[in-house]
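Structure first, then comments.
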Amino acid sequence: MATTETQAGEKKLLDFPTSCAAPVPQPEEPVKVVPLAVAGALAVGLTWYVWAAHGAKFGVLLILGLLLGVALFHSRFGFTSAWRQLIAVGNGQGLRAHTLLLGTAATLIALIVGTGSGLFGSTPNPTAGGLGLALFVGATIFAIGMQLGGACASGTLFAVGSGQSTIVLTLGGFITGSVLYTWAYPLLSGWPEFKGILLADHVGWFGSWAITIAVLAAIVLGTRFVQKRRNPPPVDVVPTARGFARIYRGSWPILVGAVVLGVLAGAVFLVSGGIWGVTSAFSLWGAKILQVFGLHPETWEFWRIKANAASLAGPIWKDKNSLTDIGIMIGAGVAAAAAGAWKIHSSIPWRTAVAAVLGGILMGVGARMAGGCNIGAYLGGISVGSLHGWLWGVFALGGTWIGLKLRPLFGLGNPAPTDSVC
């Protein structure tokens, strides 16, 4: 018979039961001195160069990227694992962290746009992504790819920075897929779509913010309902420092990471006038690599578009997404080395390697088709009140389900209800 205390606990609105208690985190490993010194020198030297050569705006964007890398690593903030845990066993902890990230970013961006604020001469420029077949197919393909590749766009960057060798293959596939999209642009563009919908155009910025927060609150309640019914295993924990050292040695509670990342996403918007993005930089990097080898992607239709041509002709140090991407990898390297977690794995099973490359290619193509990834489309779209961000999330959940069915073909496991952690 249940006790009164248990019955009361079951009625708590924000009670999220699991099949057992989460394990106690182990102490962190000693600081990795050499990787910390290298990553720290890169962070300082590159920031000085970008600031001196290209100005304060681009230097600040690189610094924001460094901070994003630190926050992503210390909170181990995941999109791939969050959706996998939800679909496989019903644990919604990761998705609830998403709602806090999205709500924080949406609140700050609504204030920035509503007041017309901007730094370094930038003007807030929220835009709505198109609604159509390319969005639906692209988001689905991307989600399949991230389950095979083992990381999303932001996760790929911070995992590479922290020394995860397998994810280097994912990044290589990601860049390859992005290049394939730009090469096949005439075939993969121009699909049927409707004009994007920005909520603020219809209900104002306060109304847009209120609707976003209401939907996010409903998602939290929905994950409670699912989790209570399925009683999943808890999310695994990682080694951590204690006390004040936890700030710079990790690991952070995931909800703390969500708030910090939301604030940094708002800061990117304030500095640049646009949302935090990731994957467009991979197309640019791939094209520049081809040029180094004497090829001419600038003749492709994608790179003949005026804005794209200007981007390809300029240095990557003046490309917003390149700066934050590079910053994330270096910042994650600093954080991982400080936490004693920076490590290169020399042995990668061949099926895992194939899955990493294939997953990266699918993400590269899918992100470009859908107009963004889990950051540019999902976080960016929802935080500015664009309907395409919500639809991206819905189709990504469907793609996650497909990806989970494919993972065993490559020797990759999925969480099970009988596991002690997921």
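Letters for chains follow the order of the structure tokens (A, B, ...), residue numbers begin at 1 for each chain, and ligand numbers begin at 1 in the order shown.
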
Filtered DSSP result for segment 197-412 of chain A, state helix (DSSP H, G or I), as an MDAnalysis selection string:
chainID A and resid 200:230 243:249 254:272 280:292 297:299 301:304 306:313 316:318 320:338 350:369 374:383 387:410

With only C-alpha atoms as the counted atoms, please give the residues lying no more than 9 Å from segment 236-244 of chain A, apart from itself and same-chain residues fewer than 4 positions off, as a ChimeraX atom specification.
/A:22-29,76,248-252,339,341,420-422

Atom CA of Asn374 of chain A to atom CA of Leu221 of chain A, distance in Å rounded to a single decimal:
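Straight-line distance from atom CA of Asn374 of chain A to atom CA of Leu221 of chain A works out to 22.0 Å.
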
As number ranges by chain, please: the residues near segment 115-130 of chain A (cut-off 10 Å, only C-alpha atoms, same-chain neighbours under 6 positions excluded).
A: 55-58, 109, 192-200, 267-275, 370-372, 377, 380-389

Which residues are near Trp392 of chain A? Cut-off 7 Å, only C-alpha atoms, ignore same chain within fewer than 2 positions. Put them as a list in words.
Leu135, Phe136, Ala139, Ala377, Tyr378, His388, Gly389, Trp390, Val394, Phe395 and Ala396 of chain A

Take the residues from that selection and write them out as a PDB file, in the first residue's frame, keeping C-alpha atoms.
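Produced file part-v3.pdb, reproduced below:
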ATOM      1  CA  LEU A 135      11.923  21.195 -44.614  1.00  0.00           C
ATOM      2  CA  PHE A 136      10.107  17.959 -43.812  1.00  0.00           C
ATOM      3  CA  ALA A 139      14.680  17.502 -40.841  1.00  0.00           C
ATOM      4  CA  ALA A 377      16.356  25.685 -37.473  1.00  0.00           C
ATOM      5  CA  TYR A 378      15.136  24.176 -34.185  1.00  0.00           C
ATOM      6  CA  HIS A 388       9.327  26.233 -39.271  1.00  0.00           C
ATOM      7  CA  GLY A 389      11.292  25.669 -36.045  1.00  0.00           C
ATOM      8  CA  TRP A 390       8.407  23.760 -34.479  1.00  0.00           C
ATOM      9  CA  VAL A 394       8.271  17.355 -35.116  1.00  0.00           C
ATOM     10  CA  PHE A 395       9.866  15.788 -38.192  1.00  0.00           C
ATOM     11  CA  ALA A 396      13.172  15.373 -36.359  1.00  0.00           C
TER      12      ALA A 396
END

All residues 12 Å or closer to Met363 of chain A, only C-alpha atoms, same chain fewer than 6 positions away omitted, as a PyMOL selection string
chain A and resi 80+137-154+156+170-181+278-280+282-283+355-357+369-374+396+399+403

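Between atom CA of Gly266 of chain A and atom CA of Leu67 of chain A lies a distance of 12.8 Å.
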